[in-house]
Structure formats: structure tokens, C-alpha cells
file structure-v9.tsv (TSV, C-alpha atoms)
chain	number	residue	atom	x	y	z
A	17	MET	CA	37.97	412.04	222.07
A	18	LYS	CA	35.14	410.85	219.84
A	19	ILE	CA	35.19	409.80	216.17
A	20	THR	CA	33.43	413.07	215.29
A	21	ASP	CA	36.42	414.96	216.74
A	22	ILE	CA	38.94	413.48	214.30
A	23	LEU	CA	36.95	413.74	211.05
A	24	THR	CA	37.87	417.30	210.08
A	25	GLU	CA	41.36	417.20	211.55
A	26	LEU	CA	42.31	414.11	209.55
A	27	ASP	CA	40.20	415.01	206.51
A	28	LEU	CA	38.27	411.72	206.67
A	29	LYS	CA	35.28	410.96	204.49
A	30	ILE	CA	32.39	409.08	206.11
A	31	ILE	CA	31.41	406.08	203.98
A	32	SER	CA	28.87	404.46	206.31
A	33	GLY	CA	28.05	403.54	209.90
A	34	HIS	CA	26.94	407.06	210.86
A	35	LYS	CA	25.30	405.87	214.06
A	36	GLY	CA	28.70	405.01	215.51
A	37	LEU	CA	30.23	408.45	215.04
A	38	SER	CA	29.91	409.30	218.72
A	39	ASN	CA	32.05	406.28	219.69
A	40	GLU	CA	34.87	407.08	222.13
A	41	ILE	CA	38.43	406.55	220.89
A	42	THR	CA	40.83	404.75	223.22
A	43	GLY	CA	43.73	404.48	220.78
A	44	GLY	CA	44.62	403.03	217.41
A	45	TYR	CA	45.62	399.74	215.81
A	46	VAL	CA	47.20	399.12	212.41
A	47	SER	CA	47.09	395.75	210.64
A	48	ASP	CA	45.93	394.18	207.39
A	49	LEU	CA	45.75	390.67	208.74
A	50	LEU	CA	42.33	390.18	210.26
A	51	SER	CA	43.56	387.26	212.35
A	52	ASP	CA	46.07	389.65	213.95
A	53	VAL	CA	43.35	392.20	214.65
A	54	ILE	CA	41.22	389.51	216.32
A	55	GLY	CA	44.20	388.61	218.48
A	56	ASN	CA	45.50	392.04	219.37
A	57	ALA	CA	43.18	394.99	218.81
A	58	LYS	CA	41.59	396.54	221.91
A	59	GLU	CA	38.12	397.92	222.53
A	60	GLY	CA	37.64	401.49	221.38
A	61	GLN	CA	40.67	401.61	219.09
A	62	VAL	CA	40.48	403.09	215.61
A	63	TRP	CA	41.61	400.41	213.15
A	64	ILE	CA	43.56	401.49	210.08
A	65	THR	CA	43.69	399.02	207.18
A	66	LEU	CA	43.75	398.56	203.42
A	67	GLN	CA	41.36	395.60	203.58
A	68	THR	CA	37.85	396.25	202.29
A	69	HIS	CA	36.34	392.77	202.64
A	70	GLN	CA	33.07	392.47	204.60
A	71	ASN	CA	34.86	390.52	207.33
A	72	ILE	CA	36.45	393.77	208.56
A	73	ILE	CA	33.06	394.67	210.02
A	74	ALA	CA	32.64	391.27	211.67
A	75	VAL	CA	36.09	391.60	213.20
A	76	GLY	CA	35.54	395.25	214.13
A	77	SER	CA	32.30	394.33	215.86
A	78	LEU	CA	33.88	391.38	217.65
A	79	LYS	CA	36.62	393.64	219.03
A	80	ASP	CA	34.40	396.68	219.71
A	81	ILE	CA	36.49	398.85	217.38
A	82	SER	CA	35.38	402.51	217.44
A	83	ALA	CA	35.85	403.03	213.68
A	84	ILE	CA	37.71	401.63	210.67
A	85	ILE	CA	39.80	403.90	208.46
A	86	ILE	CA	40.35	402.55	204.94
A	87	VAL	CA	43.52	403.94	203.38
A	88	LYS	CA	44.54	405.10	199.90
A	89	GLY	CA	40.98	405.86	198.83
A	90	PHE	CA	40.13	402.16	198.48
A	91	VAL	CA	36.42	401.58	198.01
A	92	PRO	CA	34.85	398.91	200.22
A	93	GLU	CA	32.56	396.23	198.81
A	94	THR	CA	28.80	396.87	198.99
A	95	ALA	CA	28.41	394.06	201.54
A	96	THR	CA	30.99	395.77	203.77
A	97	ILE	CA	29.08	399.06	203.67
A	98	GLU	CA	25.78	397.33	204.42
A	99	LYS	CA	27.25	395.47	207.39
A	100	SER	CA	28.84	398.66	208.70
A	101	ASN	CA	25.40	400.28	208.83
A	102	ILE	CA	23.93	397.26	210.59
A	103	GLU	CA	26.73	397.05	213.16
A	104	ASN	CA	27.04	400.84	213.54
A	105	ILE	CA	30.77	400.76	213.01
A	106	PRO	CA	31.84	403.85	211.06
A	107	LEU	CA	33.77	403.20	207.86
A	108	LEU	CA	36.00	406.19	207.15
A	109	SER	CA	38.08	406.84	204.08
A	110	THR	CA	41.36	408.67	203.57
A	111	GLU	CA	43.41	409.27	200.45
A	112	LEU	CA	46.59	408.95	202.55
A	113	ASP	CA	48.57	405.75	202.92
A	114	THR	CA	48.80	403.85	206.21
A	115	PHE	CA	52.06	405.44	207.35
A	116	ASN	CA	50.82	408.99	206.95
A	117	ILE	CA	47.31	408.61	208.35
A	118	THR	CA	48.67	406.66	211.31
A	119	GLY	CA	51.20	409.40	212.03
A	120	ARG	CA	48.51	412.04	211.98
A	121	LEU	CA	46.14	410.07	214.20
A	122	PHE	CA	48.94	409.32	216.64
A	123	GLU	CA	49.86	412.99	216.86
A	124	LEU	CA	46.23	413.97	217.43
A	125	LEU	CA	45.73	411.40	220.18
A	126	GLN	CA	48.99	412.49	221.87
A	127	LYS	CA	47.65	416.04	222.18
A	128	GLU	CA	44.77	414.88	224.37
B	10	MET	CA	32.99	352.17	192.40
B	11	ASN	CA	36.54	352.40	193.55
B	12	PHE	CA	39.03	354.33	195.68
B	13	PHE	CA	41.37	356.81	193.99
B	14	ARG	CA	44.28	358.62	195.62
B	15	ALA	CA	44.37	362.32	194.81
B	16	ASP	CA	46.92	365.02	195.57
B	17	LEU	CA	45.21	368.13	194.29
B	18	HIS	CA	47.78	370.79	195.17
B	19	ILE	CA	51.03	370.54	193.21
B	20	HIS	CA	53.24	373.37	191.94
B	21	THR	CA	55.47	373.14	188.89
B	22	VAL	CA	58.69	374.85	187.91
B	23	LEU	CA	56.51	377.65	186.52
B	24	SER	CA	55.79	378.83	190.07
B	25	PRO	CA	58.75	380.94	191.21
B	26	CYS	CA	58.94	378.88	194.40
B	27	GLY	CA	58.59	375.59	192.50
B	28	ASP	CA	61.81	373.58	192.33
B	29	LEU	CA	63.55	373.42	188.94
B	30	GLU	CA	63.04	369.65	189.10
B	31	MET	CA	59.27	370.15	188.97
B	32	SER	CA	59.02	369.67	185.22
B	33	PRO	CA	55.88	368.08	183.76
B	34	VAL	CA	57.76	364.87	183.03
B	35	ASN	CA	59.18	364.63	186.56
B	36	ILE	CA	55.85	365.43	188.20
B	37	VAL	CA	54.08	362.69	186.26
B	38	SER	CA	56.80	360.14	186.93
B	39	GLU	CA	56.87	360.98	190.65
B	40	ALA	CA	53.06	360.78	190.83
B	41	THR	CA	53.18	357.39	189.12
B	42	MET	CA	55.82	356.18	191.56
B	43	LYS	CA	53.75	357.37	194.52
B	44	GLY	CA	50.68	355.53	193.24
B	45	LEU	CA	48.53	358.61	192.76
B	46	ASP	CA	45.48	358.27	190.52
B	47	ILE	CA	44.56	361.97	190.40
B	48	ILE	CA	46.80	365.06	190.58
B	49	GLY	CA	45.88	368.73	190.72
B	50	ILE	CA	48.18	371.20	188.97
B	51	THR	CA	48.01	374.48	190.82
B	52	ASP	CA	50.73	377.00	190.04
B	53	HIS	CA	50.52	380.46	191.53
B	54	ASN	CA	48.20	382.56	189.35
B	55	THR	CA	48.83	380.59	186.16
B	56	THR	CA	47.45	377.50	184.42
B	57	ARG	CA	50.06	377.34	181.66
B	58	HIS	CA	51.58	373.97	182.60
B	59	CYS	CA	48.25	372.14	182.87
B	60	GLU	CA	47.82	371.13	179.25
B	61	LEU	CA	51.15	369.33	178.90
B	62	ILE	CA	50.89	367.62	182.27
B	63	ASN	CA	47.37	366.53	181.39
B	64	LYS	CA	48.68	364.92	178.20
B	65	LEU	CA	51.67	363.22	179.85
B	66	ALA	CA	49.61	362.01	182.82
B	67	ALA	CA	46.91	360.54	180.57
B	68	GLU	CA	49.57	358.28	179.02
B	69	LYS	CA	50.26	356.91	182.52
B	70	GLY	CA	46.60	356.59	183.45
B	71	ILE	CA	46.64	359.54	185.86
B	72	PHE	CA	43.75	362.01	185.82
B	73	VAL	CA	44.65	365.70	186.07
B	74	MET	CA	42.57	368.39	187.73
B	75	GLN	CA	43.64	371.48	185.82
B	76	GLY	CA	43.69	374.80	187.58
B	77	ALA	CA	45.69	377.31	189.56
B	78	GLU	CA	46.33	378.54	193.07
B	79	VAL	CA	45.01	382.08	192.94
B	80	THR	CA	46.19	384.84	195.28
B	81	THR	CA	43.17	387.09	195.78
B	82	LYS	CA	43.30	390.82	196.53
B	83	GLU	CA	43.21	389.99	200.26
B	84	GLU	CA	46.15	387.59	199.69
B	85	VAL	CA	44.04	384.52	200.36
B	86	HIS	CA	45.25	381.46	198.41
B	87	CYS	CA	42.46	379.55	196.66
B	88	LEU	CA	42.49	376.53	194.37
B	89	ALA	CA	40.39	376.86	191.23
B	90	PHE	CA	39.86	373.90	188.87
B	91	PHE	CA	38.24	373.72	185.44
B	92	GLU	CA	36.78	370.91	183.42
B	93	ASN	CA	37.81	371.80	179.88
B	94	THR	CA	40.36	373.70	177.83
B	95	ASP	CA	37.93	376.47	177.00
B	96	ALA	CA	37.16	377.31	180.65
B	97	LEU	CA	40.82	376.98	181.55
B	98	LYS	CA	41.75	379.42	178.79
B	99	LYS	CA	39.16	381.94	179.95
B	100	PHE	CA	40.46	381.64	183.48
B	101	GLN	CA	44.02	382.20	182.24
B	102	GLU	CA	42.79	385.41	180.59
B	103	PHE	CA	41.18	386.45	183.88
B	104	LEU	CA	44.51	385.89	185.65
B	105	ASP	CA	46.59	387.66	182.98
B	106	HIS	CA	44.22	390.61	183.03
B	107	ASN	CA	44.16	390.99	186.81
B	108	LEU	CA	47.77	390.26	187.74
B	109	PRO	CA	49.64	393.55	188.25
B	110	GLU	CA	52.35	394.58	185.80
B	111	ILE	CA	55.13	393.93	188.28
B	112	MET	CA	58.00	391.94	186.86
B	113	ASN	CA	59.68	388.92	188.41
B	114	ASP	CA	63.33	389.07	189.47
B	115	PRO	CA	64.41	385.43	189.10
B	116	ALA	CA	67.45	386.03	191.33
B	117	LYS	CA	65.16	387.02	194.21
B	118	PHE	CA	62.01	384.96	193.67
B	119	GLY	CA	63.05	382.08	191.39
B	120	TYR	CA	62.52	381.16	187.76
B	121	GLN	CA	59.05	381.15	186.22
B	122	VAL	CA	59.55	378.90	183.24
B	123	GLN	CA	57.32	376.65	181.20
B	124	VAL	CA	59.09	373.62	179.73
B	125	ASP	CA	58.22	370.99	177.14
B	126	GLU	CA	58.42	367.22	177.51
B	127	ASN	CA	62.16	367.32	176.83
B	128	ASP	CA	62.63	369.91	179.59
B	129	ASN	CA	63.38	372.68	177.08
B	130	VAL	CA	62.18	376.11	178.17
B	131	VAL	CA	59.38	377.19	175.87
B	132	TYR	CA	58.08	380.25	177.75
B	133	GLU	CA	59.13	382.47	180.61
B	134	GLU	CA	56.48	384.32	182.59
B	135	LYS	CA	57.75	387.88	183.10
B	136	LYS	CA	55.13	389.08	185.58
B	137	LEU	CA	55.69	388.10	189.21
B	138	LEU	CA	53.25	385.27	189.80
B	139	ILE	CA	53.27	385.39	193.59
B	140	ASN	CA	51.63	388.82	193.60
B	141	ALA	CA	47.96	389.24	194.46
B	142	ILE	CA	45.52	389.70	191.59
B	143	SER	CA	43.24	392.74	191.73
B	144	LYS	CA	40.08	390.67	192.29
B	145	SER	CA	38.61	389.98	195.70
B	146	PHE	CA	38.03	386.57	197.27
B	147	GLU	CA	34.32	386.73	196.36
B	148	GLU	CA	34.99	387.97	192.82
B	149	THR	CA	37.45	385.12	192.24
B	150	GLU	CA	34.94	382.61	193.60
B	151	ALA	CA	32.15	384.04	191.44
B	152	PHE	CA	34.29	383.96	188.29
B	153	THR	CA	35.43	380.39	188.98
B	154	HIS	CA	31.85	379.25	189.43
B	155	SER	CA	30.68	381.16	186.35
B	156	MET	CA	33.13	378.97	184.39
B	157	ASN	CA	31.59	375.92	186.09
B	158	GLY	CA	34.79	375.46	188.08
B	159	ILE	CA	35.55	374.05	191.52
B	160	PHE	CA	36.63	376.59	194.16
B	161	ILE	CA	38.61	375.50	197.24
B	162	PRO	CA	40.24	377.93	199.72
B	163	ALA	CA	43.76	376.52	200.25
B	164	HIS	CA	45.57	375.44	203.45
B	165	ILE	CA	43.06	377.17	205.72
B	166	ASN	CA	45.01	376.09	208.83
B	167	ARG	CA	48.10	378.13	207.87
B	168	LYS	CA	49.15	381.35	209.55
B	169	LYS	CA	49.74	383.03	206.21
B	170	ASN	CA	47.78	383.39	202.98
B	171	SER	CA	44.83	381.49	204.38
B	172	ILE	CA	41.22	382.50	204.72
B	173	TYR	CA	41.71	382.64	208.51
B	174	SER	CA	45.00	384.57	208.52
B	175	GLN	CA	43.81	387.15	205.99
B	176	LEU	CA	40.10	387.41	206.73
B	177	GLY	CA	39.99	386.40	210.40
B	178	LEU	CA	37.00	384.12	210.10
B	179	LEU	CA	34.96	382.31	207.48
B	180	PRO	CA	32.90	384.84	205.51
B	181	GLY	CA	29.22	384.26	206.30
B	182	ASN	CA	28.24	383.76	202.67
B	183	LEU	CA	31.16	381.48	201.80
B	184	ASN	CA	30.49	379.60	198.57
B	185	ALA	CA	33.24	376.97	198.48
B	186	ASP	CA	33.12	373.44	197.06
B	187	ALA	CA	35.56	372.26	199.74
B	188	LEU	CA	38.21	373.58	202.10
B	189	GLU	CA	41.80	372.39	202.12
B	190	VAL	CA	44.05	371.74	205.10
B	191	SER	CA	47.80	371.24	204.86
B	192	LYS	CA	49.99	368.38	206.03
B	193	ALA	CA	50.46	370.12	209.39
B	194	THR	CA	47.00	369.08	210.58
B	195	THR	CA	44.14	366.71	209.85
B	196	PRO	CA	40.55	367.60	208.99
B	197	GLU	CA	39.35	366.19	212.34
B	198	GLN	CA	41.91	368.15	214.32
B	199	PHE	CA	41.16	371.38	212.53
B	200	ALA	CA	37.39	370.95	212.69
B	201	SER	CA	37.64	370.36	216.44
B	202	ILE	CA	39.04	373.89	216.92
B	203	HIS	CA	36.88	375.42	214.18
B	204	PRO	CA	33.41	373.83	214.42
B	205	GLU	CA	32.11	376.45	211.97
B	206	ILE	CA	33.72	374.55	209.07
B	207	ASN	CA	31.40	371.60	209.60
B	208	GLY	CA	29.29	371.17	206.52
B	209	PHE	CA	32.19	371.91	204.20
B	210	PRO	CA	34.02	368.94	202.72
B	211	LEU	CA	37.65	368.95	203.87
B	212	ILE	CA	40.50	367.75	201.70
B	213	ARG	CA	44.20	367.44	202.43
B	214	ASN	CA	46.99	367.83	199.89
B	215	SER	CA	50.77	368.08	199.77
B	216	ASP	CA	51.19	371.61	198.29
B	217	ALA	CA	54.30	370.08	196.71
B	218	HIS	CA	57.06	372.41	195.58
B	219	TRP	CA	59.65	369.70	194.88
B	220	PRO	CA	59.25	366.14	193.59
B	221	GLY	CA	59.77	364.36	196.92
B	222	ASP	CA	56.78	366.25	198.34
B	223	ILE	CA	54.28	364.91	195.83
B	224	GLY	CA	51.78	362.57	197.45
B	225	THR	CA	53.05	363.17	201.00
B	226	ALA	CA	49.48	364.20	201.75
B	227	PHE	CA	46.48	363.10	199.73
B	228	THR	CA	42.74	362.65	199.77
B	229	VAL	CA	41.00	359.43	198.77
B	230	PHE	CA	38.06	359.83	196.40
B	231	PHE	CA	35.45	357.09	196.13
B	232	LEU	CA	34.30	357.30	192.51
B	233	LYS	CA	33.04	355.37	189.52
B	234	LYS	CA	36.08	356.63	187.61
B	235	PRO	CA	38.33	359.67	187.90
B	236	SER	CA	36.66	362.60	186.15
B	237	PHE	CA	35.85	366.22	186.91
B	238	ALA	CA	32.14	365.47	187.27
B	239	GLU	CA	32.76	362.47	189.55
B	240	ILE	CA	35.10	364.51	191.76
B	241	ARG	CA	32.47	367.21	192.05
B	242	LEU	CA	29.92	364.56	193.09
B	243	ALA	CA	32.33	363.18	195.69
B	244	LEU	CA	32.89	366.62	197.20
B	245	LYS	CA	29.12	366.94	197.53
B	246	GLY	CA	28.83	363.39	198.83
B	247	ASP	CA	26.21	362.65	196.17
B	248	ASN	CA	25.17	359.29	194.66
B	249	GLY	CA	27.41	357.26	196.93
B	250	ARG	CA	30.55	359.15	195.97
B	251	LYS	CA	32.61	360.42	198.88
B	252	ILE	CA	35.99	361.57	200.10
B	253	ILE	CA	38.16	360.06	202.81
B	254	VAL	CA	41.22	361.70	204.34
B	255	GLU	CA	43.57	359.22	205.98

call {"tool": "encode", "arguments": {"input": "structure-v9.tsv", "output": "C-alpha cells"}}
result
Amino acid sequence: MKITDILTELDLKIISGHKGLSNEITGGYVSDLLSDVIGNAKEGQVWITLQTHQNIIAVGSLKDISAIIIVKGFVPETATIEKSNIENIPLLSTELDTFNITGRLFELLQKE
Amino acid sequence: MNFFRADLHIHTVLSPCGDLEMSPVNIVSEATMKGLDIIGITDHNTTRHCELINKLAAEKGIFVMQGAEVTTKEEVHCLAFFENTDALKKFQEFLDHNLPEIMNDPAKFGYQVQVDENDNVVYEEKKLLINAISKSFEETEAFTHSMNGIFIPAHINRKKNSIYSQLGLLPGNLNADALEVSKATTPEQFASIHPEINGFPLIRNSDAHWPGDIGTAFTVFFLKKPSFAEIRLALKGDNGRKIIVE
């Protein structure tokens, strides 16, 4: 499954990083501590977080994350958006909270 | 020039986690006993005890760095210090404005009281001070510097509420006057695992929450005399001023 395949299903808005939309999804990871993501996220996972700081792109790039979903409609900083476009890591937005968007993504990935 | 012992990270009874014994009078007397020349007053998201401690400390010949330990939106703890009452007041307004309207439950989190020099309670902070403010790490840094303040990310070696735990790595554009490590490590030790912090001055403080803790870690400042401007020079290593962590 690619990022493009989950956009409509999960009602995700694309904020930036369009060039990464064809990234393959291997699974998901949920954490708001970037140190934990550095330690535990795996390549190709979709990362769900409430953090909007520019370091999410640095960490996402380091871990070869397929996309980052920002929850609750939080708006990322300009620097974060710029870095997402440079690193080609899609920043996606949902109005849902972490619990609900994670449940939906999990369900979708289980269907595969 | 001379050497001055500074513990720049001390909580008072106003912090919910600060021991009830951490009254301004007790803090100053403990600091005197420990031979500190400079103390930093850094309650969680409030500066309200600085003025009194500044006054009491001056009587004992101790210089006070007045500020707060801010919890940014990302839950990174940062020390912010200000040179004068006006800047400190503006920073207090910034904190009051950006701290969420969530009330403290003293039974769960501890008392948040301001006391006078006779240990009488003169004010109780109703909002929970350990919450995160709504401003980001960079916004807090920018506001601190716009008030000509000193901005120091706190206890960066800790596994919680540190720049590394919350943000994973040092932001590329980090504009900090120094970085702080806790008692659990030394600047040399920490810099050996994190070479990227080279170039930033490193200080070490106690993060005292009860009187016995005060001065258990400190940084030595080599200055003409203790003052805000001299401390800033020492952090920059300018004009022969410097810092030494023992």
C-alpha cells in the first residue's frame, strides 16, 4: 500500500512533501517523543504524532518514515513544511485525535 | 576578576513539586550556608518569587538571576533569565497569557504558594504550573531574546522534558546562550556522546526542589563581579570571563 492509497480512506489533507506520496507503507508508529521515534520507528512506517516542530522531519528522514500524520488539525511551523518539501516526506493532517486515526489506519493496513 | 559559585536552577515552594521548606528565606539561608555567590530562581512557568528572593539575597551578598523554567509546547524545559523588573514582568505576562486554564489540584500535584519573608502565604497560583504553555520552543526562545534575556535549555541529558527526549536532536538553528546538564552527568561526559553540542557553553546546576539540594551541583563563573551582563559575557567567553564546571 502506498501513501496515496490511504489519503481518501482516512480523509487526510496533504500539507506538504507531495513528492513522497508514492512511498510504500510498511506499518505505523505512534509517539510524541522524538527520542523514542529515533529509537524505535522502522523504515516505511507512517508516524502519527501531535508534534509540529521542524525536528519531526529530521527524525522522519533519519528513520525513512513514509509519511507523518499530524493529529487534531494542528498546524505545523513554516520551517517544518519547508523541510518536508526538501526531504520529500509527506506531512498529512487529520482532524481526528491519535486514538481514532491510529485505529483507522490499523484497520486499513490489516485489510491488505 | 574572581571566581563565583553559581547554582542557576532552583525551585521554590511556588512550584508544585517544590518542597514546602523552599521559602525565600530558607533558600537564601541555605545558599549562604553552601557558599554560593549566585543563585538562579527558576520555578515552573512563573517568576513570582524572584523579586523577594532577590531582595533577601542582596542583604546576604548573593546575586540572583531572576527567571523561570518554562515548559514549551513540545514539553521541553528551558531556563529563561531577565536582567530587570520590567523584562521580568513582561515575561510573567507572556507566561500567564500562554499557560492553559487548567487548575491545580494541590492534593495531587502539590501546593503552589507564594510566601513573604515571614513565611505567610500571600498568593496561591490556581493554574497548574507544570503544564506546557502554548508557545513552541522557538517562540519561547525568540520572546526571551526579544526581552534581552538569557535562554538555556534545561537538563539536556535527561530522558524526560529535555531537548533530546522531546525533539530527538538539537534543532539545526538552535539559538541558546548555553545548555544545562544535570547532576547525573558532567559536561565532558555528555559532550563525548553528543559532539554536536560543542560550541555551546555547558553549565551544571542542582535543579533543587528541597533545601538540601541547593548547591549540590554548581557552575563557577570567572567574573569582575556578579551581574547579569558579566554572566552573559562569561557564557560567551568574552573579555577574559569564563565558566568552569567542576

call {"tool": "residues_around", "arguments": {"input": "structure-v9.tsv", "residues": "Val254 of chain B", "least_positions_apart": "2", "cutoff": "12 Å", "atoms": "all atoms listed in the file", "output": "PyMOL selection string"}}
result
chain B and resi 12-16+189-192+194-198+210-214+226-231+251-252

call {"tool": "residues_around", "arguments": {"input": "structure-v9.tsv", "residues": "segment 60-62 of chain A", "least_positions_apart": "6", "cutoff": "12 Å", "atoms": "all atoms listed in the file", "output": "number ranges by chain"}}
result
A: 17-19, 22, 36-47, 53, 76-86, 105-108, 117-118, 121-122, 125

call {"tool": "residues_around", "arguments": {"input": "structure-v9.tsv", "residues": "Gln67 of chain A", "least_positions_apart": "6", "cutoff": "9 Å", "atoms": "all atoms listed in the file", "output": "number ranges by chain"}}
result
A: 48-50, 86-87, 90, 92; B: 82-83, 176

call {"tool": "interface_residues", "arguments": {"input": "structure-v9.tsv", "of": "chain B", "to": "chain A", "cutoff": "10 Å", "atoms": "all atoms listed in the file", "output": "PDB file with C-alpha atoms, in the coordinates of the input"}}
result
ATOM      1  CA  LYS B  82      43.300 390.820 196.530  1.00  0.00           C
ATOM      2  CA  GLU B  83      43.210 389.990 200.260  1.00  0.00           C
ATOM      3  CA  GLU B  84      46.150 387.590 199.690  1.00  0.00           C
ATOM      4  CA  SER B 145      38.610 389.980 195.700  1.00  0.00           C
ATOM      5  CA  PHE B 146      38.030 386.570 197.270  1.00  0.00           C
ATOM      6  CA  GLU B 147      34.320 386.730 196.360  1.00  0.00           C
ATOM      7  CA  LYS B 168      49.150 381.350 209.550  1.00  0.00           C
ATOM      8  CA  LYS B 169      49.740 383.030 206.210  1.00  0.00           C
ATOM      9  CA  ASN B 170      47.780 383.390 202.980  1.00  0.00           C
ATOM     10  CA  SER B 171      44.830 381.490 204.380  1.00  0.00           C
ATOM     11  CA  ILE B 172      41.220 382.500 204.720  1.00  0.00           C
ATOM     12  CA  TYR B 173      41.710 382.640 208.510  1.00  0.00           C
ATOM     13  CA  SER B 174      45.000 384.570 208.520  1.00  0.00           C
ATOM     14  CA  GLN B 175      43.810 387.150 205.990  1.00  0.00           C
ATOM     15  CA  LEU B 176      40.100 387.410 206.730  1.00  0.00           C
ATOM     16  CA  GLY B 177      39.990 386.400 210.400  1.00  0.00           C
ATOM     17  CA  LEU B 178      37.000 384.120 210.100  1.00  0.00           C
ATOM     18  CA  LEU B 179      34.960 382.310 207.480  1.00  0.00           C
ATOM     19  CA  PRO B 180      32.900 384.840 205.510  1.00  0.00           C
ATOM     20  CA  GLY B 181      29.220 384.260 206.300  1.00  0.00           C
TER      21      GLY B 181
END

call {"tool": "residues_around", "arguments": {"input": "structure-v9.tsv", "residues": "Ile36 of chain B", "least_positions_apart": "4", "cutoff": "8 Å", "atoms": "only C-alpha atoms", "output": "JSON, numbers by chain"}}
result
{"B": [21, 31, 32, 40, 220, 223]}

call {"tool": "atom_distance", "arguments": {"input": "structure-v9.tsv", "atom1": "atom CA of Gly27 of chain B", "atom2": "atom CA of Gly119 of chain B"}}
result
8.0 Å

call {"tool": "atom_distance", "arguments": {"input": "structure-v9.tsv", "atom1": "atom CA of Phe118 of chain B", "atom2": "atom CA of Ile62 of chain B"}}
result
23.5 Å

call {"tool": "axis_aligned_box", "arguments": {"input": "structure-v9.tsv", "around": "segment 94-102 of chain A", "padding_each_side": "8 Å", "output": "JSON"}}
result
{"center_x": 27.5, "center_y": 397.2, "center_z": 204.8, "size_x": 23.1, "size_y": 22.2, "size_z": 27.6}

call {"tool": "atom_distance", "arguments": {"input": "structure-v9.tsv", "atom1": "atom CA of Asn35 of chain B", "atom2": "atom CA of Asp125 of chain B"}}
result
11.4 Å

call {"tool": "residues_around", "arguments": {"input": "structure-v9.tsv", "residues": "Asn116 of chain A", "least_positions_apart": "3", "cutoff": "12 Å", "atoms": "only C-alpha atoms", "output": "PyMOL selection string"}}
result
chain A and resi 26+46+64+87-88+110-113+119-123

call {"tool": "closest_residue", "arguments": {"input": "structure-v9.tsv", "among": "B:Glu60, B:Asp247, B:Asp114, B:Glu148", "to": "Glu92 of chain B", "atoms": "only C-alpha atoms"}}
result
B:Glu60

call {"tool": "closest_residue", "arguments": {"input": "structure-v9.tsv", "among": "B:Thr225, B:Glu102, B:Val34, B:Ala217", "to": "Ala67 of chain B", "atoms": "all atoms listed in the file"}}
result
B:Val34

call {"tool": "residues_near_point", "arguments": {"input": "structure-v9.tsv", "point": "(37.8, 373.0, 191.2)", "cutoff": "9 Å", "atoms": "all atoms listed in the file", "output": "list in words"}}
result
Met74, Gln75, Gly76, Leu88, Ala89, Phe90, Phe91, Glu92, Thr153, His154, Asn157, Gly158, Ile159, Phe160, Ile161, Asp186, Ala187, Phe237, Ile240 and Arg241 of chain B

call {"tool": "decode", "arguments": {"input": "structure-v9.tsv", "residues": "segment 135-153 of chain B", "atoms": "N, CA and C atoms", "output": "mmCIF file, in the first residue's frame"}}
result
data_model
loop_
_atom_site.group_PDB
_atom_site.id
_atom_site.type_symbol
_atom_site.label_atom_id
_atom_site.label_comp_id
_atom_site.auth_asym_id
_atom_site.auth_seq_id
_atom_site.Cartn_x
_atom_site.Cartn_y
_atom_site.Cartn_z
ATOM 1 N N LYS B 135 -3.478 29.455 40.981
ATOM 2 C CA LYS B 135 -4.561 28.490 40.765
ATOM 3 C C LYS B 135 -4.295 27.597 39.552
ATOM 4 N N LYS B 136 -3.681 28.177 38.508
ATOM 5 C CA LYS B 136 -3.438 27.386 37.295
ATOM 6 C C LYS B 136 -2.280 26.416 37.531
ATOM 7 N N LEU B 137 -2.416 25.230 36.969
ATOM 8 C CA LEU B 137 -1.381 24.199 37.140
ATOM 9 C C LEU B 137 -0.096 24.606 36.416
ATOM 10 N N LEU B 138 0.945 24.855 37.201
ATOM 11 C CA LEU B 138 2.174 25.406 36.625
ATOM 12 C C LEU B 138 3.011 24.386 35.858
ATOM 13 N N ILE B 139 2.794 23.099 36.108
ATOM 14 C CA ILE B 139 3.632 22.125 35.393
ATOM 15 C C ILE B 139 3.111 21.805 33.987
ATOM 16 N N ASN B 140 2.010 22.433 33.599
ATOM 17 C CA ASN B 140 1.526 22.254 32.233
ATOM 18 C C ASN B 140 2.468 22.907 31.219
ATOM 19 N N ALA B 141 2.276 22.546 29.951
ATOM 20 C CA ALA B 141 3.044 23.197 28.889
ATOM 21 C C ALA B 141 2.335 24.484 28.484
ATOM 22 N N ILE B 142 3.106 25.520 28.200
ATOM 23 C CA ILE B 142 2.499 26.730 27.642
ATOM 24 C C ILE B 142 2.191 26.472 26.160
ATOM 25 N N SER B 143 1.445 27.374 25.541
ATOM 26 C CA SER B 143 1.033 27.131 24.155
ATOM 27 C C SER B 143 2.064 27.618 23.133
ATOM 28 N N LYS B 144 3.210 28.074 23.600
ATOM 29 C CA LYS B 144 4.250 28.561 22.678
ATOM 30 C C LYS B 144 5.318 27.490 22.445
ATOM 31 N N SER B 145 5.821 27.483 21.218
ATOM 32 C CA SER B 145 6.816 26.478 20.858
ATOM 33 C C SER B 145 8.180 26.823 21.462
ATOM 34 N N PHE B 146 9.083 25.873 21.361
ATOM 35 C CA PHE B 146 10.471 26.056 21.801
ATOM 36 C C PHE B 146 11.071 27.312 21.152
ATOM 37 N N GLU B 147 10.913 27.439 19.837
ATOM 38 C CA GLU B 147 11.495 28.587 19.124
ATOM 39 C C GLU B 147 10.800 29.899 19.495
ATOM 40 N N GLU B 148 9.483 29.840 19.681
ATOM 41 C CA GLU B 148 8.753 31.063 20.063
ATOM 42 C C GLU B 148 9.174 31.528 21.463
ATOM 43 N N THR B 149 9.394 30.577 22.357
ATOM 44 C CA THR B 149 9.825 30.918 23.715
ATOM 45 C C THR B 149 11.226 31.523 23.681
ATOM 46 N N GLU B 150 12.090 30.913 22.882
ATOM 47 C CA GLU B 150 13.460 31.435 22.727
ATOM 48 C C GLU B 150 13.423 32.853 22.153
ATOM 49 N N ALA B 151 12.615 33.048 21.113
ATOM 50 C CA ALA B 151 12.554 34.354 20.460
ATOM 51 C C ALA B 151 12.013 35.417 21.421
ATOM 52 N N PHE B 152 10.995 35.056 22.194
ATOM 53 C CA PHE B 152 10.439 36.042 23.132
ATOM 54 C C PHE B 152 11.459 36.382 24.218
ATOM 55 N N THR B 153 12.134 35.360 24.735
ATOM 56 C CA THR B 153 13.158 35.579 25.767
ATOM 57 C C THR B 153 14.234 36.534 25.249
#
